[in-house]
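Visitor: Quick one, data.cif (mmCIF, C-alpha atoms):
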data_my_file
#
loop_
_atom_site.label_atom_id
_atom_site.label_comp_id
_atom_site.auth_asym_id
_atom_site.auth_seq_id
_atom_site.Cartn_x
_atom_site.Cartn_y
_atom_site.Cartn_z
CA MET P 8 85.01 136.63 88.78
CA GLN P 9 84.66 136.60 85.01
CA THR P 10 84.40 140.35 84.39
CA ALA P 11 87.56 140.08 82.27
CA LEU P 12 85.48 138.33 79.62
CA PHE P 13 83.60 141.56 78.96
CA PRO P 14 84.93 144.89 77.71
CA SER P 15 84.18 147.86 79.95
CA SER P 16 81.60 149.23 77.51
CA THR P 17 79.67 145.95 77.63
CA LEU P 18 79.82 145.82 81.42
CA ALA P 19 78.52 149.38 81.49
CA GLU P 20 75.58 148.39 79.27
CA PHE P 21 74.75 145.47 81.55
CA TYR P 22 74.90 147.81 84.50
CA ARG P 23 72.44 150.17 82.79
CA PHE P 24 70.21 147.22 81.96
CA ALA P 25 70.18 146.09 85.61
CA LEU P 26 69.56 149.64 86.77
CA LEU P 27 66.64 150.15 84.39
CA LEU P 28 65.08 146.91 85.62
CA THR P 29 65.66 147.42 89.34
CA GLY P 30 65.53 151.21 89.46
CA ASN P 31 68.21 151.19 92.11
CA ALA P 32 71.94 151.65 91.66
CA LYS P 33 72.89 149.53 94.65
CA SER P 34 70.55 146.71 93.62
CA ALA P 35 71.93 146.88 90.08
CA GLU P 36 75.48 146.37 91.36
CA GLU P 37 74.42 143.55 93.68
CA VAL P 38 72.41 141.81 90.98
CA MET P 39 75.33 142.00 88.58
CA ALA P 40 77.81 140.70 91.14
CA GLU P 41 75.54 137.84 92.20
CA THR P 42 74.75 136.89 88.61
CA LEU P 43 78.38 136.96 87.52
CA THR P 44 79.34 134.82 90.50
CA GLU P 45 76.54 132.37 89.82
CA VAL P 46 77.23 131.90 86.12
CA GLU P 47 81.00 132.37 86.06
CA SER P 48 81.74 128.71 85.39
CA GLN P 49 79.34 128.62 82.42
CA LEU P 50 80.45 131.93 80.91
CA SER P 51 83.89 130.67 79.92
CA GLN P 52 82.28 127.79 77.99
CA PHE P 53 80.83 130.16 75.40
CA ARG P 54 83.09 130.77 72.43
CA ASN P 55 80.76 133.29 70.85
CA ALA P 56 80.69 136.65 72.62
CA THR P 57 77.07 137.37 71.63
CA SER P 58 75.87 134.05 73.04
CA ARG P 59 77.79 134.75 76.23
CA GLN P 60 76.21 138.19 76.51
CA ALA P 61 72.75 136.79 75.78
CA TRP P 62 73.28 134.18 78.49
CA LEU P 63 74.34 136.82 80.98
CA ALA P 64 71.48 139.17 80.02
CA THR P 65 68.99 136.36 80.54
CA HIS P 66 70.35 135.66 84.03
CA ILE P 67 70.62 139.32 85.00
CA ARG P 68 67.01 139.81 83.95
CA GLU P 69 65.83 136.77 85.90
CA ARG P 70 67.63 137.98 89.00
CA CYS P 71 66.33 141.53 88.62
CA LEU P 72 62.76 140.28 88.35
CA GLU P 73 63.33 138.06 91.39
CA ASN P 74 64.82 141.03 93.23
CA ASN P 75 61.80 143.18 92.32
CA LYS P 76 59.52 140.48 93.67
CA SER P 77 61.19 140.42 97.06
CA LEU P 78 61.57 144.19 97.15
CA PRO P 79 58.36 145.71 95.84
CA PRO P 80 59.08 148.48 93.31
CA THR P 81 59.73 151.76 95.02
CA ALA P 82 60.79 155.07 93.61
CA PRO P 83 64.20 154.39 92.11
CA ARG P 84 67.13 155.63 94.07
CA LEU P 85 69.98 156.52 91.79
CA LEU P 86 72.11 158.20 94.40
CA ARG P 87 75.20 156.09 94.49
CA ASP P 88 76.30 155.38 98.01
CA ASP P 89 80.07 155.13 97.87
CA THR P 90 80.72 155.68 101.53
CA ASP P 91 83.19 152.76 101.61
CA SER P 92 85.54 154.39 99.17
CA GLY P 93 85.41 157.67 101.04
CA THR P 94 84.14 159.60 98.04
CA SER P 95 81.08 161.78 98.26
CA PRO P 96 77.87 160.24 96.94
CA GLU P 97 77.24 160.95 93.29
CA VAL P 98 73.83 161.83 91.93
CA LEU P 99 73.11 160.67 88.43
CA GLN P 100 71.97 163.17 85.85
CA ILE P 101 68.48 164.33 86.68
CA GLU P 102 67.18 163.37 83.21
CA ALA P 103 68.51 159.86 83.69
CA PHE P 104 66.95 159.73 87.12
CA LEU P 105 63.55 160.81 85.81
CA LEU P 106 63.76 158.41 82.91
CA ALA P 107 64.73 155.49 85.13
CA GLN P 108 61.91 156.44 87.47
CA ARG P 109 59.40 156.20 84.64
CA PHE P 110 61.10 153.19 83.10
CA HIS P 111 60.69 151.39 86.36
CA THR P 112 56.90 151.74 86.18
CA LEU P 113 56.67 149.80 82.90
CA PRO P 114 55.26 146.29 83.16
CA GLU P 115 57.11 143.18 82.09
CA PRO P 116 58.07 142.14 79.44
CA GLU P 117 57.78 145.69 78.04
CA ARG P 118 60.40 147.04 80.45
CA SER P 119 62.97 144.33 79.64
CA ALA P 120 62.28 144.49 75.91
CA LEU P 121 62.74 148.25 75.69
CA ALA P 122 65.79 148.24 78.00
CA LEU P 123 67.51 145.61 75.87
CA PHE P 124 66.50 147.39 72.67
CA TYR P 125 68.02 150.69 73.79
CA LEU P 126 71.32 149.18 74.91
CA ASP P 127 74.12 148.48 72.47
CA LEU P 128 74.21 144.79 73.14
CA PHE P 129 71.79 142.84 70.97
CA LYS P 130 70.00 142.79 67.66
CA ALA P 131 66.22 142.54 67.67
CA GLU P 132 66.31 138.81 66.85
CA GLU P 133 68.59 138.19 69.82
CA ILE P 134 66.33 140.20 72.11
CA ALA P 135 63.37 138.10 70.98
CA GLU P 136 65.35 134.98 71.79
CA ILE P 137 66.33 136.25 75.26
CA LEU P 138 62.74 137.12 76.03
CA LYS P 139 61.54 133.85 74.51
CA MET P 140 59.13 135.47 72.08
CA ASP P 141 58.84 135.66 68.30
CA MET P 142 59.65 138.77 66.31
CA HIS P 143 56.02 139.72 65.88
CA ALA P 144 55.46 139.61 69.63
CA LEU P 145 58.66 141.60 70.20
CA SER P 146 57.47 144.22 67.74
CA ASP P 147 54.13 144.52 69.55
CA THR P 148 55.87 144.59 72.93
CA LEU P 149 58.25 147.35 71.84
CA GLY P 150 55.38 149.37 70.38
CA ALA P 151 53.38 149.06 73.60
CA ALA P 152 56.44 149.85 75.73
CA ARG P 153 57.19 153.03 73.77
CA ASP P 154 53.57 154.17 74.15
CA LEU P 155 53.60 153.50 77.89
CA LEU P 156 56.93 155.26 78.38
CA ARG P 157 55.84 158.22 76.26
CA LYS P 158 52.65 158.57 78.30
CA ALA P 159 54.56 158.25 81.56
CA LEU P 160 57.00 160.96 80.51
CA GLN P 161 54.20 163.23 79.27
CA ALA P 162 52.37 162.80 82.57
CA MET P 163 55.53 163.99 84.31
CA ARG P 164 55.67 167.32 82.46
CA PRO P 165 52.98 169.24 84.42
CA GLU P 166 54.70 168.17 87.65
CA THR P 167 58.04 169.51 86.51
CA ASN P 168 56.42 172.73 85.29
CA GLN P 169 54.74 173.21 88.65
CA THR P 170 57.89 172.66 90.60
CA SER P 171 60.05 174.86 88.38
CA MET Z 26 54.80 144.63 51.51
CA LYS Z 27 51.79 146.19 53.17
CA ALA Z 28 52.07 149.33 55.26
CA ASP Z 29 50.88 147.67 58.47
CA THR Z 30 53.41 144.84 58.03
CA ALA Z 31 56.11 147.44 57.48
CA GLU Z 32 54.97 149.35 60.55
CA THR Z 33 55.22 146.21 62.66
CA LEU Z 34 58.72 145.49 61.35
CA LEU Z 35 59.91 149.07 61.81
CA ARG Z 36 59.13 148.99 65.53
CA CYS Z 37 62.25 146.84 65.84
CA TYR Z 38 64.40 149.14 63.74
CA ARG Z 39 67.41 150.89 65.17
CA PRO Z 40 69.69 152.95 62.99
CA GLY Z 41 73.22 151.65 62.91
CA LYS Z 42 72.16 148.03 63.44
CA SER Z 43 72.28 145.68 60.51
CA ALA Z 44 68.94 145.34 58.72
CA ASP Z 45 67.80 142.29 56.82
CA SER Z 46 66.07 142.43 53.45
CA LYS Z 47 62.59 142.64 54.96
CA MET Z 48 63.59 145.55 57.11
CA GLU Z 49 65.19 147.29 54.13
CA LYS Z 50 61.94 146.85 52.22
CA ALA Z 51 60.01 148.32 55.12
CA LEU Z 52 62.40 151.27 55.25
CA ARG Z 53 61.95 151.89 51.53
CA LEU Z 54 58.21 151.79 51.98
CA ALA Z 55 58.48 154.32 54.80
CA GLU Z 56 60.30 156.67 52.42
CA GLU Z 57 57.44 156.41 49.94
CA ASP Z 58 54.52 156.35 52.40
CA SER Z 59 54.21 159.71 54.14
CA GLU Z 60 52.15 158.40 57.06
CA LEU Z 61 54.51 155.49 57.65
CA GLY Z 62 57.44 157.85 57.30
CA ARG Z 63 55.97 160.18 59.90
CA ILE Z 64 55.45 157.31 62.35
CA LEU Z 65 59.01 156.09 61.80
CA ARG Z 66 60.52 159.55 62.27
CA ALA Z 67 58.59 160.07 65.49
CA GLN Z 68 59.75 156.67 66.74
CA LEU Z 69 63.38 157.31 65.84
CA GLU Z 70 63.30 160.74 67.46
CA PHE Z 71 61.83 159.33 70.65
CA ASP Z 72 64.31 156.42 70.71
CA GLU Z 73 67.25 158.76 70.17
CA GLN Z 74 66.23 160.96 73.08
CA ILE Z 75 65.78 158.00 75.39
CA ILE Z 76 69.07 156.38 74.33
CA ASP Z 77 70.90 159.65 74.94
CA VAL Z 78 69.44 159.90 78.43
CA ILE Z 79 70.13 156.24 79.24
CA HIS Z 80 73.76 156.79 78.34
CA PHE Z 81 73.91 159.56 80.90
CA ILE Z 82 73.77 156.72 83.38
CA LYS Z 83 77.42 156.17 84.13
CA PRO Z 84 78.39 153.06 86.04
CA PRO Z 85 80.80 153.53 88.95
CA GLU Z 86 84.33 154.12 87.70
CA ASN Z 87 85.59 151.11 89.61
CA LEU Z 88 82.71 148.84 88.51
CA ARG Z 89 84.93 145.80 87.94
CA GLN Z 90 86.57 146.15 91.33
CA LYS Z 91 83.22 146.75 93.02
CA LEU Z 92 81.70 143.66 91.42
CA SER Z 93 84.69 141.58 92.52
CA GLU Z 94 84.40 142.90 96.07
CA LEU Z 95 80.65 142.31 96.17
CA SER Z 96 81.01 138.74 94.94
CA GLU Z 97 83.87 138.04 97.35
CA LYS Z 98 81.98 139.41 100.36
CA PRO Z 99 79.65 136.43 100.95
CA ARG Z 100 82.54 133.98 100.42
CA ALA Z 101 84.79 135.85 102.82
CA GLU Z 102 82.05 136.02 105.44
CA LYS Z 103 81.43 132.29 105.15
CA ALA Z 104 85.13 131.53 105.39
CA ARG Z 105 85.52 133.81 108.42
CA LEU Z 106 82.60 132.15 110.16
CA ARG Z 107 84.00 128.69 109.43
CA LYS Z 108 87.39 129.76 110.74
CA GLN Z 109 85.84 131.12 113.92
CA VAL Z 110 83.74 128.02 114.51
CA ILE Z 111 86.73 125.65 114.39
CA ASN Z 112 88.77 127.89 116.66
CA PRO Z 113 89.48 125.84 119.89
CA ALA Z 114 88.47 128.76 122.09
CA VAL Z 115 85.13 129.09 120.30
CA VAL Z 116 84.58 125.30 120.43
CA THR Z 117 85.31 125.31 124.18
CA ALA Z 118 82.97 128.24 124.75
CA LEU Z 119 80.23 126.52 122.73
CA CYS Z 120 80.69 123.32 124.76
CA GLY Z 121 80.48 125.34 127.97
CA VAL Z 122 77.27 127.00 126.86
CA LEU Z 123 75.81 123.61 125.89
CA VAL Z 124 76.70 122.12 129.31
CA ILE Z 125 75.15 125.09 131.12
CA LEU Z 126 72.03 124.80 128.96
CA GLY Z 127 71.86 121.08 129.71
CA ILE Z 128 72.10 121.72 133.46
CA ILE Z 129 69.40 124.40 133.28
CA VAL Z 130 67.11 122.08 131.31
CA PHE Z 131 67.76 119.28 133.83
CA PHE Z 132 66.86 121.50 136.79
CA VAL Z 133 63.79 122.89 135.05
CA MET Z 134 62.60 119.35 134.29
CA GLU Z 135 63.34 118.24 137.82
CA ARG Z 136 61.41 121.19 139.16
CA MET Z 137 58.50 120.43 136.86
CA GLU Z 138 58.46 116.84 138.11
CA LYS Z 139 58.38 117.85 141.75
CA PHE Z 140 55.29 119.09 143.54
CA PRO Z 141 54.20 119.29 147.17
CA GLY Z 142 52.88 115.96 148.43
CA ARG Z 143 54.64 113.87 145.80
CA ASP Z 144 56.03 111.54 148.47
CA ALA Z 145 52.54 110.72 149.72
CA VAL Z 146 51.37 109.94 146.17
CA GLU Z 147 54.42 107.74 145.55
CA ALA Z 148 53.59 105.89 148.80
CA MET Z 149 50.07 105.26 147.45
CA LEU Z 150 51.50 103.87 144.22
CA SER Z 151 53.85 101.65 146.21
CA ASN Z 152 50.94 100.50 148.30
CA ALA Z 153 48.90 99.71 145.18
CA SER Z 154 51.72 97.61 143.81
CA LYS Z 155 51.51 95.36 146.85
CA MET Z 156 47.78 94.64 146.51
CA ASN Z 157 46.58 91.16 145.61
CA GLY Z 158 42.91 92.01 144.84
CA HIS Z 159 41.37 90.48 147.96
CA GLU Z 160 41.39 93.89 149.64
CA LEU Z 161 38.58 95.09 147.36
CA GLU Z 162 34.87 94.48 147.80
CA GLU Z 163 33.20 93.22 144.67
CA VAL Z 164 31.10 95.91 143.01
CA THR Z 165 29.41 96.02 139.62
CA SER Z 166 28.76 99.62 138.78
CA THR Z 167 30.29 102.64 137.20
CA SER Z 168 32.45 105.12 139.05
CA GLY Z 169 29.80 107.81 138.71
CA GLN Z 170 27.42 105.81 140.95
CA LEU Z 171 29.81 105.13 143.81
CA GLY Z 172 29.18 108.30 145.88
CA ASP Z 173 26.74 106.72 148.33
CA TRP Z 174 28.78 103.53 148.47
CA PHE Z 175 31.89 105.39 149.61
CA TYR Z 176 29.92 107.72 151.92
CA MET Z 177 28.51 104.73 153.75
CA ARG Z 178 32.05 103.41 154.27
CA GLY Z 179 33.40 106.65 155.67
CA TYR Z 180 34.69 108.58 152.66
CA ASP Z 181 32.88 111.87 152.49
CA GLY Z 182 32.72 114.02 149.36
CA PHE Z 183 33.36 111.50 146.60
CA GLU Z 184 33.43 113.20 143.25
CA SER Z 185 33.23 111.63 139.86
CA PRO Z 186 34.39 113.91 137.07
CA PRO Z 187 32.75 113.36 133.65
CA ASP Z 188 35.81 111.76 132.06
CA LEU Z 189 35.96 109.11 134.81
CA ALA Z 190 32.24 108.72 135.55
CA GLY Z 191 31.59 106.03 132.96
CA LEU Z 192 34.46 103.72 133.90
CA PRO Z 193 33.22 100.20 134.70
CA VAL Z 194 34.01 99.33 138.31
CA ILE Z 195 34.56 95.75 139.48
CA GLY Z 196 35.71 96.39 143.04
CA SER Z 197 36.22 99.16 145.56
CA ARG Z 198 37.24 99.95 149.09
CA VAL Z 199 37.92 102.71 151.58
CA PHE Z 200 41.20 102.51 153.45
CA HIS Z 201 43.33 104.69 155.69
CA ILE Z 202 46.92 105.86 155.58
CA ASP Z 203 48.01 107.25 158.94
CA GLY Z 204 44.41 108.11 159.75
CA ARG Z 205 43.71 109.82 156.43
CA THR Z 206 40.93 108.35 154.31
CA VAL Z 207 41.36 107.18 150.71
CA ALA Z 208 38.67 105.91 148.37
CA GLN Z 209 39.78 103.36 145.82
CA PHE Z 210 38.10 101.42 143.04
CA ALA Z 211 39.28 99.04 140.37
CA VAL Z 212 38.31 99.60 136.74
CA GLY Z 213 37.92 96.65 134.41
CA ASN Z 214 35.72 93.70 133.57
CA ALA Z 215 35.55 89.98 134.29
CA GLU Z 216 38.52 89.30 132.03
CA ALA Z 217 40.96 91.96 133.08
CA LEU Z 218 41.67 94.70 135.54
CA LYS Z 219 42.55 97.87 133.67
CA CYS Z 220 43.59 100.20 136.44
CA LEU Z 221 43.06 101.37 139.97
CA VAL Z 222 41.64 104.80 140.75
CA LEU Z 223 42.29 106.44 144.08
CA GLN Z 224 40.60 109.53 145.40
CA PHE Z 225 41.64 111.53 148.44
CA HIS Z 226 41.52 114.98 149.94
CA ALA Z 227 44.56 116.92 148.76
CA SER Z 228 44.83 118.99 151.94
CA GLU Z 229 45.10 115.87 154.11
CA PHE Z 230 48.14 114.64 152.19
CA GLY Z 231 49.68 118.05 151.51
CA VAL Z 232 49.29 117.65 147.74
CA GLN Z 233 49.26 120.83 145.68
CA LEU Z 234 48.88 120.69 141.93
CA PRO Z 235 47.84 123.43 139.52
CA GLU Z 236 44.10 123.44 138.86
CA GLY Z 237 43.11 122.19 135.44
CA ASN Z 238 42.62 119.21 133.22
CA GLU Z 239 46.26 118.27 133.00
CA TRP Z 240 47.31 114.92 134.40
CA LYS Z 241 50.69 114.76 136.09
CA VAL Z 242 52.28 111.42 135.30
CA LEU Z 243 54.79 109.89 137.72
CA THR Z 244 56.32 106.48 138.28
CA GLU Z 245 57.13 104.44 141.34
CA GLY Z 246 58.95 101.17 140.74
CA GLU Z 247 57.06 99.26 138.08
CA TRP Z 248 53.92 101.32 138.57
CA VAL Z 249 52.83 104.47 136.86
CA GLY Z 250 50.33 106.99 138.15
CA ALA Z 251 48.43 109.93 136.68
CA LEU Z 252 47.38 112.55 139.20
CA ARG Z 253 44.96 115.45 138.84
CA GLN Z 254 43.55 117.87 141.41
CA HIS Z 255 40.12 119.48 141.40
CA GLY Z 256 39.53 121.75 144.40
CA ASP Z 257 40.51 119.70 147.41
CA ILE Z 258 39.98 116.39 145.65
CA CYS Z 259 42.80 114.45 144.02
CA PHE Z 260 42.31 111.65 141.49
CA LEU Z 261 45.07 109.12 140.99
CA ILE Z 262 44.90 106.53 138.20
CA ALA Z 263 47.44 103.74 138.69
CA PHE Z 264 48.52 100.56 136.93
CA ARG Z 265 51.64 98.53 136.27
CA GLY Z 266 53.36 100.14 133.31
CA ASN Z 267 55.30 103.13 132.11
CA LYS Z 268 54.63 106.75 131.24
CA ALA Z 269 54.04 106.05 127.55
CA GLU Z 270 51.39 103.47 128.40
CA MET Z 271 49.74 105.92 130.79
CA ASP Z 272 49.74 108.60 128.10
CA GLU Z 273 48.02 106.15 125.76
CA PHE Z 274 45.48 105.21 128.44
CA LEU Z 275 44.66 108.84 129.21
CA LYS Z 276 43.93 109.40 125.52
CA THR Z 277 41.17 106.76 125.74
CA LEU Z 278 39.30 108.74 128.41
CA PRO Z 279 36.36 110.81 127.18
CA PRO Z 280 37.01 114.55 127.19
CA LYS Z 281 36.37 116.33 130.45
CA THR Z 282 33.61 118.89 129.91
#
Any chance you could put this one into structure tokens?
Guide:
Amino acid sequence: MQTALFPSSTLAEFYRFALLLTGNAKSAEEVMAETLTEVESQLSQFRNATSRQAWLATHIRERCLENNKSLPPTAPRLLRDDTDSGTSPEVLQIEAFLLAQRFHTLPEPERSALALFYLDLFKAEEIAEILKMDMHALSDTLGAARDLLRKALQAMRPETNQTS
Amino acid sequence: MKADTAETLLRCYRPGKSADSKMEKALRLAEEDSELGRILRAQLEFDEQIIDVIHFIKPPENLRQKLSELSEKPRAEKARLRKQVINPAVVTALCGVLVILGIIVFFVMERMEKFPGRDAVEAMLSNASKMNGHELEEVTSTSGQLGDWFYMRGYDGFESPPDLAGLPVIGSRVFHIDGRTVAQFAVGNAEALKCLVLQFHASEFGVQLPEGNEWKVLTEGEWVGALRQHGDICFLIAFRGNKAEMDEFLKTLPPKT
């Protein structure tokens, strides 16, 4: 598989992207593996790293959305199940868990736009291209996504206060 | 540049990423415009918090290896399955299962074909095949009006179900097989004989078929018959032909209500 084409930091960002879109660590890994397998022959044809990354991001997003269709969004499960390797399951940081949980409730394309914007992979123009929208639409989408995420996180506060 | 244009542009701003001239203008405007500056600071603060939290998400340490394993899994499973299928032992076992299934299907079909009294019905079909037409008395009627005609000739209890009642009859007779009475009529017109219909008491010939509207089709030599039982009465439609032709003929009958 063509993981060698990507530095570890880039792979990590793609993993985060898949996780924010699927809300599930296992699904994120599966989506990445399936996408890399599917597009491995095309990836080596790109000479420009950014184009290659944009191509991969587009396919990961498509597969995540497809995955979300077949598996209706549930509360994200970020507990990594590494039973095969014999290590004990690892729970992601609680803040990350809560954020991913709220992130997962965002509609599309707001969720994809904000996820791509927050990851160190693409410039705004490239994100607009991946999402097939113009810069004005991306700006509106990002604004709406921030508002939705802010509201979702604010709505979470009373719950956390009650439980603490 | 207007403030609202700048605000729109600044939504796509991330510190540390290269900014074009328009974005730089918008940033300068945000420094001068207190309201725009407040909005931008709030946005940057929010983004920073979220980015920090997102980067708490650490991929598995062995992500590369995991991805390779995950992508290899389906291929390996396919290859293993293929290998197993072409294994001579598996091929032999599959053939054995297929033969056993074939035998079971054959016996089930045989069993479905057989029913008590089949021999007697086959004898009637054989008998019909030897007829030359002179055995029948000329009649011009429909099968639904033959009750009295048959009663007068010694066949008691003639029934004419709705799907057969309208058939045009050109000849009929009552005859005996080893002392058991059979009513028979020929369906057709002046140009052609379409079929023969025989009616008899099932109990006299030991025939037992499931009750219902289903016709049981059977062949004897070059003749085909369709048999149905209603109470103690059996109806047998017969003509020279095969099962497919009989199926077609049965479709032309009006529905039994």
Visitor: Under the PyMOL selection byres ((chain Z) within 12 of (chain P)), which residues of this model are included? Write them out as JSON, numbers by chain.
Guide: {"Z": [29, 30, 31, 32, 33, 34, 35, 36, 37, 38, 39, 40, 41, 42, 43, 44, 45, 48, 64, 65, 67, 68, 69, 70, 71, 72, 73, 74, 75, 76, 77, 78, 79, 80, 81, 82, 83, 84, 85, 86, 87, 88, 89, 90, 91, 92, 93, 94, 95, 96, 97, 98, 99, 100]}
Visitor: In Å to one decimal, how far is atom CA of Ala263 of chain Z from atom CA of Cys220 of chain Z?
Guide: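 We find that atom CA of Cys220 of chain Z and atom CA of Ala263 of chain Z lie 5.7 Å from each other.
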Visitor: What gap, in Å, lies between atom CA of Val207 of chain Z and atom CA of Phe225 of chain Z?
Guide: 4.9 Å
Visitor: To verify the selection step, state as a ChimeraX atom specification which residues the PyMOL selection byres ((chain Z and resi 143) around 10) yields on this input.
Guide: /Z:138-142,144-149,230-234,243,252
Visitor: So what does the PyMOL selection byres ((chain Z and resi 268) around 9) actually pick up in this one, as a list in words?
Guide: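 When the PyMOL selection byres ((chain Z and resi 268) around 9) is applied to the shown file, the picked residues are Val242, Leu243, Thr244, Val249, Gly250, Ala251, Gly266, Asn267, Ala269, Glu270, Met271, Asp272 and Glu273 of chain Z.
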Visitor: Taking (58.6, 154.6, 81.2) in the file's own coordinates, collect the residues within 7 Å, counting only C-alpha atoms, and hand them back as a ChimeraX atom specification.
Guide: /P:106,109-113,155-157,159-160
Visitor: Export N, CA and C atoms of segment 44-56 of chain P from the structure just given, as a compact mmCIF listing (two decimals), in the first residue's frame?
Guide:
# COMPACT_ATOMS: atom_id res chain seq x y z
N THR P 44 -6.10 1.57 -0.47
CA THR P 44 -6.03 0.41 -1.35
C THR P 44 -6.67 0.73 -2.70
N GLU P 45 -7.80 1.42 -2.62
CA GLU P 45 -8.56 1.71 -3.85
C GLU P 45 -7.79 2.66 -4.78
N VAL P 46 -7.14 3.66 -4.19
CA VAL P 46 -6.53 4.70 -5.04
C VAL P 46 -5.01 4.55 -5.16
N GLU P 47 -4.48 3.41 -4.69
CA GLU P 47 -3.01 3.32 -4.64
C GLU P 47 -2.37 3.45 -6.02
N SER P 48 -3.03 2.93 -7.06
CA SER P 48 -2.41 3.00 -8.38
C SER P 48 -2.39 4.44 -8.90
N GLN P 49 -3.42 5.23 -8.52
CA GLN P 49 -3.46 6.62 -9.00
C GLN P 49 -2.52 7.53 -8.21
N LEU P 50 -2.34 7.21 -6.93
CA LEU P 50 -1.56 8.11 -6.07
C LEU P 50 -0.15 8.36 -6.59
N SER P 51 0.47 7.28 -7.12
CA SER P 51 1.86 7.42 -7.55
C SER P 51 1.98 8.26 -8.82
N GLN P 52 0.83 8.51 -9.49
CA GLN P 52 0.88 9.30 -10.72
C GLN P 52 0.97 10.80 -10.45
N PHE P 53 0.69 11.19 -9.21
CA PHE P 53 0.77 12.62 -8.88
C PHE P 53 2.21 13.00 -8.56
N ARG P 54 2.69 14.04 -9.19
CA ARG P 54 4.05 14.49 -8.89
C ARG P 54 4.01 15.51 -7.76
N ASN P 55 2.89 16.23 -7.69
CA ASN P 55 2.76 17.28 -6.68
C ASN P 55 2.11 16.70 -5.43
N ALA P 56 2.80 16.89 -4.30
CA ALA P 56 2.31 16.29 -3.04
C ALA P 56 0.94 16.84 -2.64
